[in-house]
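Colleague: Below is query-v8.cif; it holds mmCIF, C-alpha atoms.
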```cif
data_final
#
loop_
_atom_site.label_atom_id
_atom_site.label_comp_id
_atom_site.auth_asym_id
_atom_site.auth_seq_id
_atom_site.Cartn_x
_atom_site.Cartn_y
_atom_site.Cartn_z
CA MET A 1 -2.13 -18.23 5.82
CA THR A 2 -4.79 -17.39 8.32
CA GLY A 3 -5.00 -18.35 11.94
CA PRO A 4 -3.20 -17.51 15.16
CA LEU A 5 0.30 -16.11 15.00
CA THR A 6 2.83 -18.10 17.00
CA ALA A 7 6.37 -17.53 18.16
CA THR A 8 7.56 -20.42 16.01
CA THR A 9 6.05 -19.13 12.75
CA ALA A 10 5.99 -15.34 13.03
CA PRO A 11 9.32 -13.60 12.36
CA LEU A 12 8.39 -10.33 14.11
CA THR A 13 7.17 -11.93 17.32
CA GLY A 14 8.28 -9.83 20.30
CA LEU A 15 8.11 -6.54 18.39
CA ARG A 16 5.59 -4.09 19.87
CA VAL A 17 4.15 -1.36 17.63
CA LEU A 18 1.91 1.51 18.70
CA ASP A 19 -0.19 2.64 15.75
CA LEU A 20 -1.26 6.23 16.44
CA ALA A 21 -1.84 7.05 12.77
CA THR A 22 -5.12 7.56 10.90
CA LEU A 23 -6.21 6.86 7.36
CA PHE A 24 -3.97 4.92 5.18
CA ALA A 25 -0.18 5.16 4.89
CA GLY A 26 0.81 4.88 8.55
CA PRO A 27 -1.85 2.34 9.54
CA LEU A 28 -1.04 0.21 6.48
CA ALA A 29 2.62 0.06 7.51
CA ALA A 30 1.55 -1.14 10.96
CA THR A 31 -0.71 -3.73 9.34
CA MET A 32 2.23 -5.08 7.34
CA LEU A 33 4.24 -5.48 10.54
CA GLY A 34 1.33 -7.12 12.32
CA ASP A 35 0.89 -9.61 9.49
CA PHE A 36 4.29 -11.04 10.34
CA GLY A 37 3.88 -11.28 14.08
CA ALA A 38 4.43 -7.83 15.54
CA GLU A 39 2.10 -6.99 18.40
CA VAL A 40 0.29 -3.94 17.06
CA ILE A 41 -1.79 -1.77 19.39
CA LYS A 42 -4.05 0.63 17.53
CA VAL A 43 -4.47 3.80 19.61
CA GLU A 44 -7.49 5.89 18.60
CA HIS A 45 -9.07 9.02 20.00
CA PRO A 46 -11.97 8.11 22.32
CA ARG A 47 -14.45 10.28 20.45
CA LYS A 48 -12.89 10.45 16.98
CA PRO A 49 -12.00 6.98 15.71
CA ASP A 50 -9.74 6.40 12.72
CA PRO A 51 -11.78 7.75 9.76
CA SER A 52 -11.01 4.58 7.80
CA ARG A 53 -13.71 2.90 9.90
CA GLY A 54 -16.21 4.97 7.94
CA HIS A 55 -14.59 4.97 4.50
CA GLY A 56 -16.32 3.06 1.73
CA PRO A 57 -19.13 0.55 2.00
CA SER A 58 -20.21 -0.95 5.32
CA LYS A 59 -22.22 -3.99 6.30
CA ASP A 60 -24.59 -3.91 9.27
CA GLY A 61 -23.01 -0.58 10.23
CA VAL A 62 -19.49 -2.06 10.30
CA GLY A 63 -16.93 -0.48 7.95
CA LEU A 64 -15.35 -3.11 5.71
CA TRP A 65 -12.16 -1.19 4.87
CA TRP A 66 -11.32 -1.16 8.57
CA LYS A 67 -11.63 -4.96 8.68
CA LEU A 68 -8.67 -5.08 6.29
CA LEU A 69 -6.63 -2.16 7.64
CA GLY A 70 -7.20 -3.08 11.29
CA ARG A 71 -6.40 -6.76 11.06
CA ASN A 72 -3.94 -8.24 13.57
CA LYS A 73 -4.26 -5.11 15.74
CA ARG A 74 -5.57 -4.74 19.27
CA THR A 75 -7.56 -1.55 19.66
CA MET A 76 -7.58 0.93 22.51
CA THR A 77 -8.60 4.54 23.02
CA LEU A 78 -6.46 7.37 24.38
CA ASP A 79 -6.72 11.15 24.15
CA LEU A 80 -3.09 12.20 23.85
CA SER A 81 -3.92 15.86 24.50
CA ALA A 82 -5.27 15.04 27.98
CA PRO A 83 -2.72 14.93 30.83
CA GLY A 84 -3.65 11.36 31.71
CA GLY A 85 -3.48 10.37 28.07
CA ARG A 86 -0.02 11.86 27.72
CA GLU A 87 1.29 10.03 30.79
CA THR A 88 -0.27 6.77 29.63
CA LEU A 89 1.29 7.06 26.20
CA LEU A 90 4.71 7.59 27.76
CA ARG A 91 4.19 4.43 29.81
CA LEU A 92 3.18 2.57 26.66
CA ALA A 93 6.15 4.01 24.76
CA ALA A 94 8.49 2.62 27.41
CA THR A 95 7.29 -0.89 26.46
CA ALA A 96 7.22 -0.38 22.68
CA ASP A 97 9.72 -0.81 19.87
CA VAL A 98 7.96 1.35 17.28
CA ILE A 99 5.48 4.22 17.25
CA VAL A 100 3.78 5.09 13.95
CA GLU A 101 2.11 8.53 13.85
CA ASN A 102 0.88 10.92 11.18
CA PHE A 103 -0.02 14.10 13.03
CA ARG A 104 0.94 17.37 11.42
CA PRO A 105 4.53 18.33 12.35
CA GLY A 106 4.60 19.97 15.75
CA THR A 107 1.45 18.33 17.08
CA LEU A 108 3.18 15.76 19.29
CA GLU A 109 5.55 18.46 20.47
CA LYS A 110 2.57 20.64 21.41
CA TRP A 111 1.44 17.82 23.72
CA ASP A 112 4.99 17.38 25.11
CA LEU A 113 5.19 14.03 23.35
CA GLY A 114 7.92 14.82 20.86
CA TRP A 115 11.10 12.87 20.21
CA GLU A 116 12.80 14.38 23.24
CA GLU A 117 10.16 13.05 25.65
CA LEU A 118 9.57 9.75 23.87
CA SER A 119 13.25 8.87 23.53
CA ALA A 120 13.77 9.76 27.18
CA ALA A 121 11.06 7.26 28.06
CA ASN A 122 12.61 4.66 25.76
CA PRO A 123 16.01 5.25 24.09
CA ARG A 124 15.47 2.18 21.87
CA LEU A 125 12.22 3.50 20.40
CA VAL A 126 11.79 4.01 16.65
CA LEU A 127 9.45 6.97 16.13
CA THR A 128 7.97 6.74 12.65
CA ARG A 129 6.49 10.00 11.40
CA VAL A 130 4.35 9.76 8.25
CA THR A 131 3.15 13.04 6.78
CA GLY A 132 2.23 14.43 3.40
CA PHE A 133 5.30 16.59 2.98
CA GLY A 134 7.79 15.58 5.68
CA GLN A 135 8.85 17.21 8.94
CA PHE A 136 10.48 20.32 7.43
CA GLY A 137 10.36 22.50 4.35
CA PRO A 138 7.91 25.15 3.13
CA TYR A 139 4.96 22.74 2.82
CA SER A 140 5.50 20.74 6.00
CA ARG A 141 2.65 22.33 7.95
CA ARG A 142 0.10 21.92 5.16
CA PRO A 143 -2.58 19.21 5.35
CA GLY A 144 -1.27 16.37 3.22
CA PHE A 145 -3.10 13.53 1.51
CA GLY A 146 -2.16 10.91 -1.05
CA THR A 147 -4.13 12.70 -3.76
CA LEU A 148 -1.80 15.68 -3.44
CA ALA A 149 1.21 13.39 -3.78
CA GLU A 150 -0.28 11.81 -6.90
CA ALA A 151 -0.65 15.31 -8.34
CA MET A 152 2.72 16.74 -7.24
CA SER A 153 4.90 13.75 -8.08
CA GLY A 154 4.19 13.73 -11.81
CA PHE A 155 1.96 10.65 -11.68
CA ALA A 156 -1.23 12.44 -12.75
CA ALA A 157 0.62 14.36 -15.45
CA ILE A 158 1.61 11.17 -17.29
CA THR A 159 -1.65 9.27 -16.68
CA GLY A 160 -4.51 9.46 -19.16
CA GLU A 161 -4.99 9.83 -22.89
CA PRO A 162 -2.77 12.28 -24.79
CA ASP A 163 -5.67 14.64 -25.52
CA GLY A 164 -7.33 14.14 -22.13
CA PRO A 165 -6.80 15.71 -18.71
CA PRO A 166 -4.26 14.56 -16.11
CA THR A 167 -5.81 11.60 -14.32
CA LEU A 168 -5.79 10.68 -10.63
CA PRO A 169 -6.06 7.03 -9.54
CA PRO A 170 -9.42 5.89 -8.12
CA PHE A 171 -7.77 4.42 -5.03
CA GLY A 172 -5.12 5.34 -2.46
CA LEU A 173 -2.06 4.77 -4.63
CA ALA A 174 0.40 7.20 -3.03
CA ASP A 175 -0.73 6.25 0.48
CA SER A 176 -0.31 2.55 -0.27
CA ILE A 177 3.15 3.01 -1.75
CA ALA A 178 4.11 5.11 1.28
CA GLY A 179 2.73 2.43 3.60
CA LEU A 180 4.96 -0.21 2.03
CA ALA A 181 7.94 2.13 2.12
CA THR A 182 7.25 2.95 5.77
CA ALA A 183 7.27 -0.70 6.77
CA TYR A 184 10.63 -1.04 5.01
CA ALA A 185 11.91 2.09 6.77
CA VAL A 186 10.86 0.72 10.16
CA MET A 187 12.68 -2.55 9.58
CA THR A 188 15.77 -0.64 8.43
CA ALA A 189 15.74 1.47 11.59
CA LEU A 190 15.30 -1.65 13.72
CA ALA A 191 18.25 -3.30 11.98
CA ALA A 192 20.35 -0.24 12.83
CA ARG A 193 19.15 -0.45 16.43
CA ASP A 194 20.40 -4.02 16.59
CA ARG A 195 23.90 -2.66 15.97
CA THR A 196 23.81 0.62 17.89
CA GLY A 197 21.31 -0.09 20.66
CA LYS A 198 19.62 3.24 19.91
CA GLY A 199 16.32 4.13 18.33
CA GLN A 200 15.81 6.97 15.88
CA VAL A 201 13.21 9.00 13.99
CA VAL A 202 11.86 7.86 10.62
CA ASP A 203 10.66 10.84 8.55
CA MET A 204 8.40 9.55 5.76
CA ALA A 205 6.92 12.08 3.34
CA ILE A 206 4.11 10.61 1.23
CA ILE A 207 5.20 12.73 -1.75
CA GLU A 208 8.51 10.85 -2.00
CA PRO A 209 7.96 7.08 -2.44
CA ILE A 210 5.58 7.58 -5.36
CA LEU A 211 8.25 9.67 -7.08
CA THR A 212 10.66 6.77 -6.69
CA VAL A 213 8.33 4.24 -8.32
CA LEU A 214 7.68 6.60 -11.25
CA GLY A 215 11.14 5.71 -12.51
CA PRO A 216 13.94 7.80 -14.02
CA GLN A 217 11.89 10.88 -14.95
CA PRO A 218 14.08 13.33 -12.96
CA LEU A 219 17.20 11.78 -14.49
CA TRP A 220 15.77 12.03 -18.00
CA TYR A 221 14.88 15.67 -17.45
CA ASP A 222 18.21 16.49 -15.82
CA GLN A 223 20.28 14.99 -18.61
CA LEU A 224 18.06 15.46 -21.67
CA GLY A 225 15.37 17.96 -20.79
CA HIS A 226 12.89 15.17 -21.55
CA VAL A 227 9.37 15.47 -20.09
CA GLN A 228 7.35 12.26 -20.30
CA PRO A 229 4.01 12.90 -22.03
CA ARG A 230 0.65 11.25 -21.48
CA THR A 231 0.41 8.25 -23.81
CA GLY A 232 -2.71 6.46 -22.57
CA ASN A 233 -2.13 2.70 -22.53
CA ARG A 234 0.77 2.94 -24.91
CA SER A 235 4.43 3.02 -23.91
CA THR A 236 7.23 5.09 -25.36
CA ASN A 237 9.60 2.19 -24.73
CA ASN A 238 7.95 -0.68 -26.59
CA ALA A 239 5.03 -1.69 -28.79
CA PRO A 240 2.62 -3.32 -29.18
CA ARG A 241 1.57 -2.47 -25.64
CA ASN A 242 -2.09 -1.70 -25.13
CA THR A 243 -5.50 -3.01 -24.18
CA TYR A 244 -7.49 -4.68 -26.93
CA ARG A 245 -11.16 -5.67 -27.19
CA THR A 246 -12.02 -9.27 -27.99
CA ALA A 247 -14.85 -10.62 -30.15
CA ASP A 248 -16.99 -11.39 -27.10
CA GLY A 249 -16.71 -7.85 -25.69
CA SER A 250 -13.97 -8.55 -23.15
CA TRP A 251 -10.58 -6.87 -22.96
CA VAL A 252 -7.01 -8.14 -22.76
CA ALA A 253 -3.66 -6.45 -22.19
CA VAL A 254 -0.58 -7.25 -24.25
CA SER A 255 3.01 -6.39 -23.37
CA THR A 256 6.10 -6.81 -25.55
CA SER A 257 8.88 -5.47 -23.37
CA ALA A 258 11.20 -8.18 -24.70
CA GLN A 259 12.13 -8.28 -28.39
CA SER A 260 11.52 -12.04 -28.59
CA ILE A 261 7.99 -11.58 -27.25
CA ALA A 262 7.26 -8.86 -29.81
CA GLU A 263 8.33 -11.19 -32.60
CA ARG A 264 6.17 -14.03 -31.29
CA VAL A 265 3.14 -11.75 -31.15
CA MET A 266 3.53 -10.64 -34.75
CA ARG A 267 3.84 -14.24 -35.93
CA LEU A 268 0.79 -15.17 -33.90
CA VAL A 269 -1.39 -12.42 -35.38
CA GLY A 270 -0.30 -13.28 -38.93
CA ARG A 271 1.98 -10.30 -39.60
CA PRO A 272 5.49 -11.84 -39.56
CA GLU A 273 6.65 -9.50 -42.34
CA LEU A 274 6.69 -6.62 -39.86
CA ILE A 275 9.53 -8.29 -37.99
CA SER A 276 11.77 -7.59 -41.00
CA GLU A 277 11.14 -3.86 -40.89
CA PRO A 278 14.27 -1.93 -39.79
CA TRP A 279 12.30 -0.13 -37.07
CA PHE A 280 11.11 -3.37 -35.47
CA ALA A 281 14.51 -4.12 -33.95
CA SER A 282 14.17 -1.76 -30.97
CA GLY A 283 11.39 -1.08 -28.51
CA ALA A 284 11.53 2.69 -28.92
CA ASP A 285 11.33 2.43 -32.72
CA ARG A 286 8.44 -0.02 -32.46
CA ALA A 287 6.69 2.48 -30.16
CA ALA A 288 7.03 5.10 -32.92
CA HIS A 289 5.05 2.75 -35.17
CA ALA A 290 2.42 1.86 -32.59
CA ASP A 291 -0.47 2.63 -34.93
CA VAL A 292 0.65 -0.08 -37.34
CA LEU A 293 1.33 -2.62 -34.59
CA ASP A 294 -1.87 -1.86 -32.67
CA GLY A 295 -3.81 -2.26 -35.89
CA ALA A 296 -2.29 -5.67 -36.51
CA VAL A 297 -2.71 -6.96 -32.96
CA GLY A 298 -6.05 -5.30 -32.30
CA GLY A 299 -7.52 -6.53 -35.56
CA TRP A 300 -6.57 -10.14 -34.82
CA ILE A 301 -7.78 -10.02 -31.22
CA ALA A 302 -11.10 -8.48 -32.31
CA ARG A 303 -11.82 -11.62 -34.33
CA HIS A 304 -11.36 -14.00 -31.38
CA THR A 305 -12.98 -14.52 -28.01
CA ARG A 306 -11.08 -13.80 -24.82
CA ALA A 307 -10.61 -17.50 -24.13
CA GLU A 308 -9.27 -18.06 -27.65
CA VAL A 309 -6.88 -15.12 -27.33
CA ILE A 310 -5.51 -16.28 -23.99
CA GLU A 311 -5.08 -19.85 -25.24
CA ALA A 312 -3.32 -18.77 -28.43
CA PHE A 313 -0.97 -16.35 -26.66
CA GLU A 314 -0.08 -18.95 -24.04
CA LYS A 315 0.64 -21.52 -26.73
CA ALA A 316 2.86 -18.99 -28.52
CA GLU A 317 4.57 -18.06 -25.22
CA ALA A 318 3.57 -14.45 -25.71
CA ALA A 319 2.62 -12.16 -22.83
CA VAL A 320 -1.10 -11.51 -22.35
CA ALA A 321 -3.52 -11.06 -19.47
CA PRO A 322 -7.26 -10.54 -19.26
CA ILE A 323 -8.52 -7.18 -17.98
CA GLN A 324 -10.16 -8.35 -14.77
CA ASP A 325 -12.46 -6.63 -12.34
CA VAL A 326 -12.80 -7.75 -8.74
CA ARG A 327 -15.32 -10.43 -9.70
CA ASP A 328 -12.72 -12.06 -11.95
CA VAL A 329 -9.99 -11.67 -9.34
CA MET A 330 -12.07 -13.58 -6.80
CA THR A 331 -12.26 -16.61 -9.12
CA ASP A 332 -8.91 -16.39 -10.91
CA PRO A 333 -7.11 -19.77 -10.68
CA GLN A 334 -3.65 -18.27 -10.17
CA TYR A 335 -4.80 -16.06 -7.30
CA ALA A 336 -6.64 -19.09 -5.92
CA ALA A 337 -3.49 -21.22 -6.06
CA LEU A 338 -1.55 -18.53 -4.18
CA ASP A 339 -4.42 -17.96 -1.70
CA THR A 340 -4.01 -14.28 -2.49
CA VAL A 341 -7.59 -13.58 -1.42
CA THR A 342 -8.06 -15.60 1.74
CA THR A 343 -10.88 -16.14 4.22
CA VAL A 344 -10.80 -14.71 7.74
CA ASP A 345 -13.42 -15.57 10.36
CA ASP A 346 -14.78 -12.45 12.05
CA PRO A 347 -17.00 -12.44 15.17
CA GLU A 348 -18.95 -9.42 13.92
CA LEU A 349 -19.58 -10.32 10.28
CA GLY A 350 -18.68 -13.98 9.91
CA PRO A 351 -16.30 -15.23 7.17
CA LEU A 352 -14.60 -12.38 5.29
CA ARG A 353 -12.55 -12.61 2.12
CA MET A 354 -9.65 -10.18 1.94
CA GLN A 355 -6.12 -9.87 0.60
CA ASN A 356 -3.67 -12.22 2.28
CA VAL A 357 -0.28 -11.22 3.69
CA LEU A 358 1.94 -9.53 1.15
CA PHE A 359 4.47 -12.29 0.51
CA ARG A 360 5.28 -15.88 1.43
CA LEU A 361 8.20 -16.95 3.64
CA SER A 362 9.10 -20.63 3.55
CA GLU A 363 10.14 -20.96 7.20
CA THR A 364 8.53 -18.08 9.12
CA PRO A 365 5.31 -17.17 7.30
CA GLY A 366 2.98 -14.39 8.21
CA SER A 367 -0.72 -14.88 8.85
CA ILE A 368 -3.98 -13.12 9.65
CA GLY A 369 -5.12 -13.81 13.19
CA TRP A 370 -8.20 -11.58 13.13
CA ALA A 371 -9.85 -8.81 11.15
CA GLY A 372 -10.20 -5.24 12.41
CA ARG A 373 -11.68 -5.08 15.89
CA PRO A 374 -14.25 -2.63 17.29
CA HIS A 375 -13.18 0.81 18.49
CA GLY A 376 -11.47 0.54 21.87
CA ALA A 377 -12.17 -3.18 22.24
CA ASP A 378 -8.91 -3.93 24.05
CA THR A 379 -8.42 -0.74 26.07
CA GLU A 380 -8.79 -2.21 29.53
CA GLU A 381 -6.79 -5.33 28.66
CA VAL A 382 -3.85 -3.31 27.32
CA LEU A 383 -3.83 -0.91 30.26
CA THR A 384 -4.12 -3.73 32.80
CA GLU A 385 -1.14 -5.45 31.18
CA LEU A 386 0.67 -2.13 31.46
CA GLY A 387 0.15 -2.25 35.22
CA LEU A 388 -2.65 0.28 35.65
CA THR A 389 -5.09 -0.46 38.44
CA GLU A 390 -8.86 -0.43 38.10
CA GLY A 391 -8.88 2.89 39.93
CA GLU A 392 -6.35 4.43 37.55
CA ILE A 393 -8.31 3.24 34.52
CA ALA A 394 -11.50 4.63 36.03
CA GLY A 395 -9.73 7.93 36.64
CA LEU A 396 -8.63 8.12 33.01
CA ARG A 397 -12.20 7.47 31.90
CA GLU A 398 -13.49 10.19 34.20
CA GLU A 399 -10.93 12.62 32.77
CA GLY A 400 -12.06 11.74 29.23
CA ALA A 401 -8.63 10.36 28.35
CA LEU A 402 -10.12 6.96 27.37
#
```
Could you render the structure as structure tokens?

Modeller:
Amino acid sequence: MTGPLTATTAPLTGLRVLDLATLFAGPLAATMLGDFGAEVIKVEHPRKPDPSRGHGPSKDGVGLWWKLLGRNKRTMTLDLSAPGGRETLLRLAATADVIVENFRPGTLEKWDLGWEELSAANPRLVLTRVTGFGQFGPYSRRPGFGTLAEAMSGFAAITGEPDGPPTLPPFGLADSIAGLATAYAVMTALAARDRTGKGQVVDMAIIEPILTVLGPQPLWYDQLGHVQPRTGNRSTNNAPRNTYRTADGSWVAVSTSAQSIAERVMRLVGRPELISEPWFASGADRAAHADVLDGAVGGWIARHTRAEVIEAFEKAEAAVAPIQDVRDVMTDPQYAALDTVTTVDDPELGPLRMQNVLFRLSETPGSIGWAGRPHGADTEEVLTELGLTEGEIAGLREEGAL
């Protein structure tokens, strides 16, 4: 699913998105919209590009993370704090459907670019505000990052071994979840606009979506006073559920969320008598006997190679998966069949392999037209399309607004 986006295949064709955000949650939401045909214009500060261009490894001085996050976006520069930059943004806003921004609350207002001014320029606009803590409340003015959301939400508290410290993820988990939620929020606001004819403000706090995906912890605490502990790879809801080392030094993960699967696993590993135990009949009771079950499953797996384990579990219709690193992912036959990691031709770096669009649509699929473009590559083109003359563009450059 790579190649040019067309009006006949892209469901969001005709939607214009201004991506004013930096780092991950807001820009990722704009990427998701661009993957399905929205025209996304990435607006960056002339002298301070999106920091994601410099995050992580680079090749030939070109940041690779940006190639993923900036795909399907045209790039332009604009200093919103400069008078000419402010006026230009208002002109752009008049042509847009969505603005995505993640400035601290009050920043746009300080530049006279708040909802009052933007909605006056375009009453149909959806202003999407992505911040760490939301637009109001005691923490709203604090700097906010995904790491803080992972800490505050309860995620870190339940992650790690029981006798170990709370553990943060080694990637942008909260930001990514918020990015997906923001794309959903934008589409919801646009659906409402279809009925009312009016735009509105989306207030996305990064601390909230991760709390949603953590499940019913607030409900458990409210009703039972229950606080979920750290359990490592084990679950309090079922067992056996863990990672197990194979005879050839690899690792596999086993899940037995369904009772029938748990029974198949115990037959497979040669311990069918455990199925008759009174405690085996429920997932929670099995979890209370995880030591016994892990010993049975882990002992059997330790005597077989990874290939043998996978083959035996598949034959028994039991749930297993290899623990894969990125090298395995790149060659995994299921990912290959789905084209999950696809190839994108890039004029700067040549063919690039990156994650494909998030899901498949049978009639109006998304696609990747291009990887992230250089800083400000499309500035003059976008402004010329907006109706600015060469003299006006030159004036903005002289002012430092571009």

Colleague: Separation of CA of Leu89 (chain A) and CA of Leu113 (chain A), in Å?

Modeller: 8.5 Å

Colleague: At a cut-off of 9 Å, can you tabulate as CSV every residue of region 307-352 of chain A near region 255-276 of chain A together with its closest atom pair and the distance in Å to one decimal, using all atoms listed in the file and ordering rows by chain then number?

Modeller:
```
residue,atom,partner,partner_atom,distance
A:Ala312,CA,A:Leu268,CA,7.7
A:Phe313,CA,A:Leu268,CA,7.5
A:Ala316,CA,A:Arg264,CA,6.6
A:Glu317,CA,A:Arg264,CA,7.5
A:Ala318,CA,A:Ile261,CA,5.5
A:Ala319,CA,A:Ser255,CA,5.8
A:Val320,CA,A:Ser255,CA,6.6
A:Ala321,CA,A:Ser255,CA,8.9
```

Colleague: How many Å lie between CA of Leu168 (chain A) and CA of Asp50 (chain A), rounded to one decimal?

Modeller: 24.1 Å

Colleague: Give the answer as one residue: which of A:Thr13, A:Thr231, A:Thr22, A:Ser81 has the shortest atom-to-atom distance to Val40 (chain A), using all atoms listed in the file?

Modeller: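 So, comparing all the options, the nearest one is A:Thr13.
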
Colleague: Please report the interatomic distance between CA of Met330 (chain A) and CA of Glu348 (chain A) in Å with one decimal.

Modeller: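 It comes out at 22.2 Å.
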
Colleague: Just checking: using only C-alpha atoms, which residue out of A:His375, A:Pro365, A:Thr389, A:Arg91 ends up closest to Pro51 (chain A)?

Modeller: A:His375

Colleague: With distances taken over all atoms listed in the file, which of A:Gly54, A:Gly132, A:Pro143, A:Gly232 is nearest to Pro166 (chain A)?

Modeller: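 With all atoms listed in the file as the atom set, the closest residue is A:Gly232.
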
Colleague: Find the residue from A:Lys59, A:Arg74, A:Gly106, A:Ala94 that sits nearest to Ile41 (chain A); use only C-alpha atoms when measuring.

Modeller: A:Arg74

Colleague: Could you write out as a ChimeraX atom specification the residues that the PyMOL selection byres ((chain A and resi 349) around 12) matches in the shown file?

Modeller: /A:58-64,67,344-348,350-353,370-374

Colleague: For the point (6.3, -10.7, 9.5) in file coordinates, what residues are within 12 Å, counting all atoms listed in the file? Give the answer as a PyMOL selection string?

Modeller: chain A and resi 1+5-15+29-40+72+183-184+187+357-368

Colleague: Tell me which residues the PyMOL selection byres ((chain A and resi 24) around 8) grabs here, as a PyMOL selection string.

Modeller: chain A and resi 22-23+25-28+52+69+172+175-176+179

Colleague: Which one of A:Gly400, A:Gly144, A:Gly295, A:Gly154 sits closest to Pro216 (chain A) if you count all atoms listed in the file?

Modeller: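 Result for the nearest residue to Pro216 (chain A): A:Gly154.
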
Colleague: Could you state which residues are captured by the PyMOL selection byres ((chain A and resi 151) around 10) in this file, as a PDB file with C-alpha atoms, in the coordinates of the input?

Modeller:
```
ATOM      1  CA  GLY A 146      -2.160  10.910  -1.050  1.00  0.00           C
ATOM      2  CA  THR A 147      -4.130  12.700  -3.760  1.00  0.00           C
ATOM      3  CA  LEU A 148      -1.800  15.680  -3.440  1.00  0.00           C
ATOM      4  CA  ALA A 149       1.210  13.390  -3.780  1.00  0.00           C
ATOM      5  CA  GLU A 150      -0.280  11.810  -6.900  1.00  0.00           C
ATOM      6  CA  MET A 152       2.720  16.740  -7.240  1.00  0.00           C
ATOM      7  CA  SER A 153       4.900  13.750  -8.080  1.00  0.00           C
ATOM      8  CA  GLY A 154       4.190  13.730 -11.810  1.00  0.00           C
ATOM      9  CA  PHE A 155       1.960  10.650 -11.680  1.00  0.00           C
ATOM     10  CA  ALA A 156      -1.230  12.440 -12.750  1.00  0.00           C
ATOM     11  CA  ALA A 157       0.620  14.360 -15.450  1.00  0.00           C
ATOM     12  CA  PRO A 166      -4.260  14.560 -16.110  1.00  0.00           C
ATOM     13  CA  THR A 167      -5.810  11.600 -14.320  1.00  0.00           C
ATOM     14  CA  LEU A 168      -5.790  10.680 -10.630  1.00  0.00           C
ATOM     15  CA  PRO A 169      -6.060   7.030  -9.540  1.00  0.00           C
ATOM     16  CA  ALA A 174       0.400   7.200  -3.030  1.00  0.00           C
ATOM     17  CA  ILE A 207       5.200  12.730  -1.750  1.00  0.00           C
TER      18      ILE A 207
END
```

Colleague: Taking (-7.8, -6.4, -24.2) in the file's coordinates as the center, which residues reach within 8 Å of it, counting all atoms listed in the file, put as a list in words?

Modeller: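 Every polymer residue passing the test: Asn242, Thr243, Tyr244, Arg245, Thr246, Ser250, Trp251, Val252, Ala253, Val254, Ile301, Ala321, Pro322 and Ile323 of chain A.
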
Colleague: Name all residues at most 9 Å from region 127-129 of chain A (count all atoms listed in the file; drop same-chain ones fewer than 3 positions away) and give them as a list in words.

Modeller: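 The residues satisfying every condition are Ala21, Gly26, Asp97, Val98, Ile99, Val100, Glu101, Asn102, Phe103, Pro105, Trp115, Leu118, Ser119, Gly134, Gln135, Thr182, Ala185, Val186, Gly199, Gln200, Val201, Val202, Asp203, Met204 and Ala205 of chain A.
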
Colleague: If we count only C-alpha atoms and set the cut-off at 12 Å, which residues sit around Ala290 (chain A), ignoring sequence neighbours fewer than 5 positions away in its own chain? Please answer as a ChimeraX atom specification.

Modeller: /A:231,233-242,256,274,279-280,283-285,295-298

Colleague: Can I get the selection written as a PDB file, in the coordinates of the input, with C-alpha atoms?

Modeller:
```pdb
ATOM      1  CA  THR A 231       0.410   8.250 -23.810  1.00  0.00           C
ATOM      2  CA  ASN A 233      -2.130   2.700 -22.530  1.00  0.00           C
ATOM      3  CA  ARG A 234       0.770   2.940 -24.910  1.00  0.00           C
ATOM      4  CA  SER A 235       4.430   3.020 -23.910  1.00  0.00           C
ATOM      5  CA  THR A 236       7.230   5.090 -25.360  1.00  0.00           C
ATOM      6  CA  ASN A 237       9.600   2.190 -24.730  1.00  0.00           C
ATOM      7  CA  ASN A 238       7.950  -0.680 -26.590  1.00  0.00           C
ATOM      8  CA  ALA A 239       5.030  -1.690 -28.790  1.00  0.00           C
ATOM      9  CA  PRO A 240       2.620  -3.320 -29.180  1.00  0.00           C
ATOM     10  CA  ARG A 241       1.570  -2.470 -25.640  1.00  0.00           C
ATOM     11  CA  ASN A 242      -2.090  -1.700 -25.130  1.00  0.00           C
ATOM     12  CA  THR A 256       6.100  -6.810 -25.550  1.00  0.00           C
ATOM     13  CA  LEU A 274       6.690  -6.620 -39.860  1.00  0.00           C
ATOM     14  CA  TRP A 279      12.300  -0.130 -37.070  1.00  0.00           C
ATOM     15  CA  PHE A 280      11.110  -3.370 -35.470  1.00  0.00           C
ATOM     16  CA  GLY A 283      11.390  -1.080 -28.510  1.00  0.00           C
ATOM     17  CA  ALA A 284      11.530   2.690 -28.920  1.00  0.00           C
ATOM     18  CA  ASP A 285      11.330   2.430 -32.720  1.00  0.00           C
ATOM     19  CA  GLY A 295      -3.810  -2.260 -35.890  1.00  0.00           C
ATOM     20  CA  ALA A 296      -2.290  -5.670 -36.510  1.00  0.00           C
ATOM     21  CA  VAL A 297      -2.710  -6.960 -32.960  1.00  0.00           C
ATOM     22  CA  GLY A 298      -6.050  -5.300 -32.300  1.00  0.00           C
TER      23      GLY A 298
END
```

Colleague: Please provide as a list in words all residues within 10 Å of Ala93 (chain A), with the sequence filter that same-chain residues fewer than 5 positions apart are discarded (counting all atoms listed in the file).

Modeller: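 In the requested form, the answer reads Arg16, Val17, Leu18, Glu87, Thr88, Val98, Ile99, Glu117, Leu118, Ser119, Ala120, Ala121, Asn122, Pro123, Arg124, Leu125, Val126 and Leu127 of chain A.
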